[in-house]
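File shown here: structure27.cif, holding mmCIF, C-alpha atoms and all ligand atoms.
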data_start
loop_
_atom_site.label_atom_id
_atom_site.label_comp_id
_atom_site.auth_asym_id
_atom_site.auth_seq_id
_atom_site.Cartn_x
_atom_site.Cartn_y
_atom_site.Cartn_z
CA MET I 1 -32.92 7.22 24.30
CA THR I 2 -31.60 10.78 23.88
CA THR I 3 -27.98 9.69 24.39
CA GLU I 4 -28.37 7.02 21.73
CA LYS I 5 -29.79 9.54 19.24
CA LYS I 6 -26.90 11.94 19.79
CA ALA I 7 -24.41 9.20 19.02
CA VAL I 8 -21.76 9.83 16.40
CA PRO I 9 -21.60 7.10 13.77
CA ARG I 10 -18.65 4.88 14.56
CA HIS I 11 -18.06 3.96 10.93
CA VAL I 12 -18.85 6.22 7.96
CA ALA I 13 -18.57 4.91 4.40
CA ILE I 14 -18.57 7.34 1.47
CA VAL I 15 -18.98 6.92 -2.28
CA MET I 16 -17.01 9.96 -3.43
CA ASP I 17 -18.92 10.62 -6.65
CA GLY I 18 -19.23 13.67 -8.88
CA ASN I 19 -15.62 14.62 -9.60
CA GLY I 20 -16.10 14.50 -13.37
CA ARG I 21 -19.23 16.67 -13.27
CA TRP I 22 -17.51 19.15 -10.96
CA ALA I 23 -14.76 19.57 -13.56
CA LYS I 24 -17.21 19.68 -16.47
CA LYS I 25 -19.14 22.53 -14.82
CA ARG I 26 -15.87 24.49 -14.89
CA PHE I 27 -14.95 23.48 -18.46
CA LEU I 28 -11.97 21.56 -17.07
CA PRO I 29 -10.79 18.03 -17.93
CA ARG I 30 -12.18 15.34 -15.59
CA PHE I 31 -8.73 14.85 -14.09
CA PHE I 32 -8.99 18.21 -12.31
CA GLY I 33 -12.14 17.00 -10.60
CA HIS I 34 -10.29 13.96 -9.29
CA LYS I 35 -7.42 16.17 -8.13
CA GLN I 36 -9.84 18.42 -6.25
CA GLY I 37 -11.45 15.26 -4.89
CA VAL I 38 -8.22 14.26 -3.14
CA ASP I 39 -8.14 17.62 -1.34
CA ALA I 40 -11.78 17.18 -0.31
CA LEU I 41 -10.88 13.78 1.14
CA VAL I 42 -8.02 15.17 3.23
CA LYS I 43 -10.42 17.74 4.73
CA ILE I 44 -13.05 15.10 5.48
CA VAL I 45 -10.46 12.89 7.19
CA GLN I 46 -9.67 15.77 9.57
CA ALA I 47 -13.38 16.49 10.05
CA CYS I 48 -13.98 12.83 11.00
CA ILE I 49 -11.14 12.95 13.53
CA ASP I 50 -12.61 16.14 15.02
CA ARG I 51 -15.98 14.39 15.39
CA GLU I 52 -14.40 11.26 16.92
CA ILE I 53 -15.54 9.00 14.12
CA GLU I 54 -13.39 5.87 14.36
CA TYR I 55 -13.63 4.43 10.85
CA LEU I 56 -13.90 6.20 7.50
CA THR I 57 -14.14 4.06 4.38
CA VAL I 58 -14.06 5.74 0.98
CA PHE I 59 -14.74 4.36 -2.49
CA ALA I 60 -11.89 5.60 -4.67
CA PHE I 61 -11.89 3.19 -7.63
CA SER I 62 -14.40 0.45 -8.35
CA SER I 63 -13.89 -2.92 -10.05
CA GLU I 64 -15.91 -1.42 -12.91
CA ASN I 65 -13.95 1.85 -13.23
CA TRP I 66 -11.49 0.08 -15.57
CA LYS I 67 -14.19 0.62 -18.22
CA ARG I 68 -13.25 4.32 -18.35
CA PRO I 69 -11.03 5.75 -21.09
CA SER I 70 -7.43 4.65 -20.54
CA ASP I 71 -6.17 8.21 -20.09
CA GLU I 72 -8.61 8.73 -17.21
CA VAL I 73 -7.57 5.42 -15.62
CA SER I 74 -3.86 6.16 -15.90
CA GLY I 75 -4.49 9.73 -14.68
CA LEU I 76 -6.21 8.32 -11.60
CA MET I 77 -3.37 5.86 -10.92
CA GLY I 78 -0.82 8.68 -11.17
CA LEU I 79 -2.94 10.87 -8.93
CA VAL I 80 -3.11 8.20 -6.25
CA LEU I 81 0.68 7.80 -6.30
CA ALA I 82 1.12 11.56 -6.05
CA ALA I 83 -1.43 11.75 -3.22
CA VAL I 84 0.39 9.06 -1.23
CA SER I 85 3.72 10.84 -1.51
CA ARG I 86 2.13 14.24 -0.77
CA TYR I 87 -0.15 13.33 2.12
CA LEU I 88 1.19 10.16 3.76
CA ALA I 89 3.36 11.96 6.33
CA ARG I 90 0.52 14.34 7.19
CA MET I 91 -1.93 11.48 7.60
CA GLY I 92 0.54 9.72 9.85
CA ALA I 93 0.96 12.85 11.99
CA MET I 94 -2.83 13.13 12.26
CA GLY I 95 -2.96 9.66 13.79
CA VAL I 96 -4.59 8.01 10.78
CA ARG I 97 -4.19 4.28 10.20
CA ILE I 98 -4.48 3.59 6.47
CA ARG I 99 -5.87 0.36 5.05
CA ILE I 100 -6.39 -0.44 1.39
CA VAL I 101 -9.26 -2.76 0.47
CA GLY I 102 -9.62 -4.25 -2.98
CA ASP I 103 -7.92 -6.51 -5.48
CA ARG I 104 -4.27 -5.49 -5.58
CA GLU I 105 -3.37 -7.97 -8.32
CA ALA I 106 -4.36 -5.69 -11.20
CA VAL I 107 -2.53 -2.54 -10.06
CA SER I 108 1.07 -1.67 -10.94
CA ASP I 109 3.99 -2.74 -8.72
CA LYS I 110 4.63 0.91 -8.03
CA LEU I 111 1.11 1.46 -6.70
CA ARG I 112 1.15 -1.82 -4.76
CA ASN I 113 4.40 -0.74 -3.09
CA ALA I 114 2.92 2.66 -2.26
CA TRP I 115 -0.12 0.96 -0.68
CA ASN I 116 2.13 -1.32 1.34
CA GLU I 117 4.16 1.61 2.57
CA ALA I 118 1.04 3.61 3.44
CA GLU I 119 -0.27 0.69 5.48
CA SER I 120 2.93 -0.29 7.25
CA SER I 121 3.99 3.25 8.14
CA THR I 122 0.61 4.04 9.72
CA ALA I 123 -0.19 0.64 11.25
CA HIS I 124 0.51 1.84 14.79
CA ASN I 125 -1.96 4.78 14.56
CA SER I 126 -5.33 4.58 16.26
CA LYS I 127 -7.19 7.91 15.95
CA LEU I 128 -9.03 7.04 12.75
CA THR I 129 -8.86 4.06 10.43
CA LEU I 130 -9.10 5.29 6.84
CA SER I 131 -9.91 2.45 4.47
CA VAL I 132 -9.45 3.28 0.82
CA ALA I 133 -11.47 0.97 -1.41
CA PHE I 134 -9.46 0.73 -4.60
CA ASN I 135 -10.14 -1.75 -7.37
CA TYR I 136 -12.86 -2.83 -4.97
CA GLY I 137 -16.23 -4.36 -5.66
CA GLY I 138 -18.71 -5.70 -3.11
CA ARG I 139 -19.18 -8.81 -5.26
CA TRP I 140 -15.42 -9.29 -5.55
CA ASP I 141 -15.24 -9.13 -1.76
CA VAL I 142 -17.88 -11.84 -1.24
CA VAL I 143 -16.18 -14.12 -3.78
CA GLN I 144 -12.68 -13.60 -2.37
CA ALA I 145 -14.00 -14.27 1.15
CA CYS I 146 -15.64 -17.53 0.02
CA LYS I 147 -12.43 -18.60 -1.71
CA ALA I 148 -10.35 -17.75 1.38
CA ALA I 149 -12.74 -19.67 3.63
CA MET I 150 -12.48 -22.70 1.34
CA GLN I 151 -8.70 -22.44 1.25
CA ALA I 152 -8.67 -22.28 5.05
CA GLY I 153 -10.60 -25.57 5.05
CA VAL I 154 -13.80 -24.25 6.63
CA PRO I 155 -16.34 -27.07 6.21
CA PRO I 156 -19.63 -25.94 4.57
CA ALA I 157 -21.56 -26.89 7.70
CA GLU I 158 -19.45 -24.44 9.72
CA LEU I 159 -19.77 -21.54 7.28
CA THR I 160 -21.94 -19.10 9.21
CA GLU I 161 -22.40 -15.37 8.55
CA ALA I 162 -20.00 -14.60 11.38
CA ARG I 163 -17.39 -17.04 10.06
CA LEU I 164 -17.57 -15.65 6.52
CA SER I 165 -17.26 -12.09 7.89
CA GLU I 166 -13.83 -13.06 9.21
CA PHE I 167 -12.67 -13.45 5.60
CA MET I 168 -14.19 -10.25 4.24
CA ALA I 169 -11.76 -7.50 3.25
CA MET I 170 -12.91 -5.25 6.12
CA ASN I 171 -12.83 -7.89 8.86
CA TYR I 172 -11.00 -5.40 11.11
CA ALA I 173 -13.88 -2.90 11.18
CA PRO I 174 -17.47 -2.87 12.44
CA ASP I 175 -20.13 -2.60 9.70
CA PRO I 176 -20.72 1.01 8.55
CA ASP I 177 -23.34 2.93 10.53
CA LEU I 178 -23.68 5.67 7.94
CA PHE I 179 -23.32 5.41 4.16
CA ILE I 180 -23.03 8.67 2.22
CA ARG I 181 -23.07 8.97 -1.55
CA THR I 182 -22.35 12.35 -3.09
CA GLY I 183 -23.03 13.36 -6.69
CA GLY I 184 -26.79 12.79 -6.80
CA GLU I 185 -26.96 9.16 -7.93
CA VAL I 186 -29.08 6.91 -5.73
CA ARG I 187 -27.29 3.57 -5.99
CA ILE I 188 -24.56 1.50 -4.37
CA SER I 189 -22.50 0.85 -7.54
CA ASN I 190 -21.04 -2.36 -6.06
CA PHE I 191 -19.60 -0.76 -2.89
CA LEU I 192 -19.82 -2.64 0.43
CA LEU I 193 -22.70 -5.01 -0.34
CA TRP I 194 -22.22 -7.46 2.54
CA GLN I 195 -21.43 -4.83 5.15
CA VAL I 196 -24.33 -2.40 4.56
CA ALA I 197 -27.14 -4.78 5.54
CA TYR I 198 -28.23 -2.41 8.34
CA THR I 199 -26.40 0.79 7.43
CA GLU I 200 -28.27 4.11 7.26
CA PHE I 201 -28.10 5.73 3.80
CA VAL I 202 -27.75 9.42 2.96
CA PHE I 203 -27.66 10.55 -0.66
CA SER I 204 -26.40 14.05 -1.33
CA ASP I 205 -26.60 16.10 -4.53
CA CYS I 206 -23.37 17.81 -3.54
CA LEU I 207 -20.51 16.92 -5.91
CA TRP I 208 -17.63 15.29 -4.03
CA PRO I 209 -15.07 18.12 -4.51
CA GLU I 210 -17.58 20.47 -2.83
CA PHE I 211 -18.38 18.14 0.06
CA GLY I 212 -17.17 19.66 3.32
CA GLU I 213 -17.84 19.82 7.04
CA ALA I 214 -21.31 21.35 6.65
CA GLN I 215 -22.45 18.51 4.38
CA LEU I 216 -20.89 15.91 6.68
CA ASP I 217 -22.70 17.41 9.66
CA ALA I 218 -25.99 17.41 7.72
CA ALA I 219 -25.52 13.70 6.97
CA ILE I 220 -24.71 12.95 10.63
CA GLU I 221 -27.79 14.94 11.68
CA SER I 222 -29.94 12.88 9.33
CA PHE I 223 -28.36 9.69 10.75
CA ARG I 224 -29.25 10.82 14.28
CA GLU I 225 -32.90 11.15 13.33
CA ARG I 226 -33.08 7.55 12.17
CA ASP I 227 -34.74 4.89 14.24
CA ARG I 228 -32.43 1.90 13.89
CA ARG I 229 -34.42 -1.20 14.66
CA PHE I 230 -32.25 -3.93 13.09
CA GLY I 231 -35.40 -5.92 12.39
CA GLY I 232 -36.68 -5.70 15.95
CA VAL I 233 -39.19 -3.40 17.60
CA LYS I 234 -38.30 -0.30 19.54
CA GLU I 235 -40.91 -0.50 22.28
CA ALA I 236 -42.92 -3.46 23.49
CA PRO I 237 -46.44 -3.10 22.04
CA ALA I 238 -49.27 -2.59 24.53
CA LEU I 239 -51.08 -5.85 25.06
CA ALA I 240 -54.53 -5.34 23.57
CA GLY I 241 -57.39 -6.05 25.92
CA VAL I 242 -55.21 -6.91 28.92
C1 LIG C 301 -15.99 9.62 -8.72
O1 LIG C 301 -16.25 10.67 -9.59
C2 LIG C 301 -14.53 9.23 -8.74
C3 LIG C 301 -14.24 7.96 -9.39
C4 LIG C 301 -15.12 7.10 -9.83
C5 LIG C 301 -12.84 7.62 -9.53
P1 LIG C 301 -16.67 10.41 -11.10
O2 LIG C 301 -15.45 10.40 -11.94
O3 LIG C 301 -17.51 9.21 -11.21
O4 LIG C 301 -17.51 11.71 -11.40
P2 LIG C 301 -18.84 11.81 -12.25
O5 LIG C 301 -19.82 10.85 -11.64
O6 LIG C 301 -18.51 11.44 -13.65
O7 LIG C 301 -19.26 13.23 -12.10
C1 LIG C 302 -18.77 4.76 -7.95
O1 LIG C 302 -18.94 5.82 -8.83
C2 LIG C 302 -17.32 4.46 -7.75
C3 LIG C 302 -16.54 5.48 -7.07
C4 LIG C 302 -16.96 6.61 -6.59
C5 LIG C 302 -15.16 5.15 -6.93
P1 LIG C 302 -19.19 5.60 -10.38
O2 LIG C 302 -19.28 6.95 -10.99
O3 LIG C 302 -18.19 4.68 -10.95
O4 LIG C 302 -20.60 4.85 -10.38
P2 LIG C 302 -21.73 4.77 -11.51
O5 LIG C 302 -21.05 4.38 -12.80
O6 LIG C 302 -22.35 6.12 -11.63
O7 LIG C 302 -22.70 3.76 -11.00
MG MG C 303 -19.51 8.90 -11.14
#
Now that the file is in, can you turn its structure into C-alpha cells?
Amino acid sequence: MTTEKKAVPRHVAIVMDGNGRWAKKRFLPRFFGHKQGVDALVKIVQACIDREIEYLTVFAFSSENWKRPSDEVSGLMGLVLAAVSRYLARMGAMGVRIRIVGDREAVSDKLRNAWNEAESSTAHNSKLTLSVAFNYGGRWDVVQACKAAMQAGVPPAELTEARLSEFMAMNYAPDPDLFIRTGGEVRISNFLLWQVAYTEFVFSDCLWPEFGEAQLDAAIESFRERDRRFGGVKEAPALAGV
C-alpha cells in the first residue's frame, strides 16, 4: 500500500496555460509570455527526468488556437521553430525522445520539417518521451483514429476500445496518470479526451512561465494522496451479519 502511494506518475500531461496573463501582468506583449513559457518547459523536462517520470505530454497549441489574432499565431509558429533550433541538441543530450502529436497538415513545410527532424534525431533516446501536442485536439484525435481504423479495414464488430487505442495519436504511451493544468482555468480545453478516462487531475493557479520544480512536486504530492480505484473497490467490504 505504502509503496504504491509513493509511486511517481509514469506519465504526466500538462496544459501549459497562462502565458498571456503572465506577460500582461508585466505590461509586456503576449509573445513574451510564450517565450518565457518555452524556458519553463525546458526546466520541467529536466525536472521530470530527475524524478524518473517516463512520459511528459504538453499542450502547446490547440486545434482552436487558430482563432487567435494572426500575429499571435505567427509569433507562436516562429517561436516553435526558434525553440527547436535552440534546444534540440540539448534535449537530445538529455536523453529525451521527442514526439509531436496533432494534425501536421495545417502547419508550414518549415515547421513540419523541424518536427520531423526533432523526432528522427531523438528517436533512439529513452530517458523521457516528450510529446508536444501541437495543432492537437482530443476530438480530432478520436476522429483521425476512427478514420485510420476504417482505412485499415477493421470491421465494426472488431472495433473494441483496445483496438481503437492502437490508432490514437499517442498509441506509444500509457494513458496519463497525472494531468496538470496551470493558469487557474478548470477545464480540459479539448486536450487528451480519450486518454484521461482515469487520470488524476491537478489544477494550479500558477501561470505556466512561473511553474517550476516546487509546483511540480506539489502536484505529484497531491497525486500520491489520491486513491485510484479505476471503478473497483479498494478493500473487500466486511460481510454484514456473517
Ligand atoms: C497558453 O497560454 C499557451 C497557448 C495557448 C499557446 P495562453 O496564451 O492561453 O495564456 P492566457 O491563458 O491567455 O494567459
Ligand atoms: C489550452 O489553453 C491550450 C493550450 C495551453 C495550448 P487555451 O488558453 O487555449 O484554453 P481556453 O481558451 O482558456 O479554454
Ligand atoms: Mg489560455
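Distance-wise, atom CA of Thr199 of chain I and atom CA of Leu130 of chain I end up 17.9 Å apart.
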Work out how far atom O2 of ligand LIG 302 (chain C) is from atom CA of Pro69 of chain I, in Å to one decimal.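 Computing it gives 13.1 Å between the two atoms.
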Chain I residues near ligand MG 303 (chain C) within 9 Å, closest pair each, using only C-alpha atoms and all ligand atoms, as a Markdown table:
| residue | atom | partner | partner_atom | distance |
| --- | --- | --- | --- | --- |
| I:Met16 | CA | C:MG303 | MG | 8.2 |
| I:Asp17 | CA | C:MG303 | MG | 4.8 |
| I:Gly18 | CA | C:MG303 | MG | 5.3 |
| I:Asn19 | CA | C:MG303 | MG | 7.1 |
| I:Gly20 | CA | C:MG303 | MG | 6.9 |
| I:Arg21 | CA | C:MG303 | MG | 8.1 |
| I:Gly183 | CA | C:MG303 | MG | 7.2 |
| I:Glu185 | CA | C:MG303 | MG | 8.1 |
7 Å from ligand LIG 302 (chain C) is the threshold here; counting all atoms listed in the file, which polymer residues fall inside it? Answer as a ChimeraX atom specification. /I:15-17,59-62,64-65,185,187,189
Got a sec: who's within 12 Å of segment 23-26 of chain I, counting all atoms listed in the file, leaving out chain neighbours fewer than 5 positions off, as a PyMOL selection string? chain I and resi 18+31-37+207-210
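Proximity of I:Asp205, I:Asp177, I:Glu117, I:Glu235 to Ile220 of chain I, computed with all atoms listed in the file, is greatest for I:Asp177.
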Ranking I:Ala145, I:Met150, I:Met77, I:Ala169 by minimum distance to ligand LIG 301 (chain C) and counting only C-alpha atoms and all ligand atoms, which one comes first? I:Met77
Do you know which residues are at most 10 Å from Asn125 of chain I counting only C-alpha atoms, after dropping those on the same chain fewer than 2 positions away, and could you put them as a PyMOL selection string? chain I and resi 91-98+121-123+127-129
Between I:Asp227, I:Asp175, I:Arg10, I:Arg181, smallest distance to ligand LIG 301 (chain C) by only C-alpha atoms and all ligand atoms belongs to I:Arg181
Rounded to one decimal in Å, what is the spacing between atom CA of Arg163 of chain I and atom CA of Glu119 of chain I?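 Separation of atom CA of Arg163 of chain I and atom CA of Glu119 of chain I: 25.1 Å.
If only C-alpha atoms and all ligand atoms are the atoms counted, then among I:Glu54, I:Asp141, I:Asp217, I:Glu72 the closest residue to ligand LIG 301 (chain C) is I:Glu72.
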Who sits within 9 Å of segment 110-112 of chain I, all atoms listed in the file, same chain under 4 positions skipped, as a ChimeraX atom specification: /I:77-78,80-81,104-105,116-117
Considering all atoms listed in the file, state which residue in the set I:Phe179, I:Tyr87, I:Phe191, I:Phe167 is at the smallest distance from ligand LIG 301 (chain C).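 Looking at the shortest contact to ligand LIG 301 (chain C), the residue is I:Phe191.
With only C-alpha atoms and all ligand atoms as the atoms that count, the minimum distance from ligand LIG 301 (chain C) to the choices I:Glu213, I:Asn113, I:Phe134, I:Val42 is reached by I:Phe134.
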Long-range neighbours of Phe203 of chain I as a count of residues only, 7 Å cut-off, only C-alpha atoms, 6 positions minimum in chain: 5
Using the file's own x, y and z axes, so that the box edges lie along x, y and z, what centre and edge lengths in Å (one decimal) does a box around every listed atom of segment 119-122 of chain I get when 8 Å is added on each side? Give it as JSON.
{"center_x": 1.9, "center_y": 1.9, "center_z": 7.6, "size_x": 20.3, "size_y": 20.3, "size_z": 20.2}
Would you mind writing segment 110-127 of chain I with N, CA and C atoms, as a short mmCIF file (atom, residue, chain, number, x, y, z; two decimals), keeping the file's coordinate frame?
data_model
loop_
_atom_site.label_atom_id
_atom_site.label_comp_id
_atom_site.auth_asym_id
_atom_site.auth_seq_id
_atom_site.Cartn_x
_atom_site.Cartn_y
_atom_site.Cartn_z
N LYS I 110 4.37 -0.37 -8.67
CA LYS I 110 4.63 0.91 -8.03
C LYS I 110 3.49 1.29 -7.06
N LEU I 111 2.26 1.12 -7.54
CA LEU I 111 1.11 1.46 -6.70
C LEU I 111 0.99 0.49 -5.53
N ARG I 112 1.23 -0.80 -5.83
CA ARG I 112 1.15 -1.82 -4.76
C ARG I 112 2.17 -1.49 -3.66
N ASN I 113 3.37 -1.10 -4.08
CA ASN I 113 4.40 -0.74 -3.09
C ASN I 113 3.99 0.48 -2.28
N ALA I 114 3.38 1.45 -2.96
CA ALA I 114 2.92 2.66 -2.26
C ALA I 114 1.84 2.31 -1.23
N TRP I 115 0.93 1.41 -1.62
CA TRP I 115 -0.12 0.96 -0.68
C TRP I 115 0.52 0.29 0.53
N ASN I 116 1.50 -0.59 0.24
CA ASN I 116 2.13 -1.32 1.34
C ASN I 116 2.81 -0.36 2.30
N GLU I 117 3.48 0.64 1.72
CA GLU I 117 4.16 1.61 2.57
C GLU I 117 3.15 2.43 3.39
N ALA I 118 2.07 2.83 2.73
CA ALA I 118 1.04 3.61 3.44
C ALA I 118 0.49 2.81 4.62
N GLU I 119 0.27 1.53 4.40
CA GLU I 119 -0.27 0.69 5.48
C GLU I 119 0.73 0.45 6.59
N SER I 120 1.97 0.07 6.19
CA SER I 120 2.93 -0.29 7.25
C SER I 120 3.38 0.93 8.05
N SER I 121 3.51 2.09 7.38
CA SER I 121 3.99 3.25 8.14
C SER I 121 2.93 3.86 9.04
N THR I 122 1.66 3.47 8.87
CA THR I 122 0.61 4.04 9.72
C THR I 122 -0.06 2.98 10.61
N ALA I 123 0.46 1.77 10.56
CA ALA I 123 -0.19 0.64 11.25
C ALA I 123 -0.35 0.85 12.75
N HIS I 124 0.54 1.65 13.34
CA HIS I 124 0.51 1.84 14.79
C HIS I 124 -0.49 2.93 15.21
N ASN I 125 -1.06 3.66 14.23
CA ASN I 125 -1.96 4.78 14.56
C ASN I 125 -3.35 4.27 14.96
N SER I 126 -4.04 5.07 15.76
CA SER I 126 -5.33 4.58 16.26
C SER I 126 -6.42 5.65 16.34
N LYS I 127 -6.16 6.86 15.87
CA LYS I 127 -7.19 7.91 15.95
C LYS I 127 -8.36 7.62 15.02
#
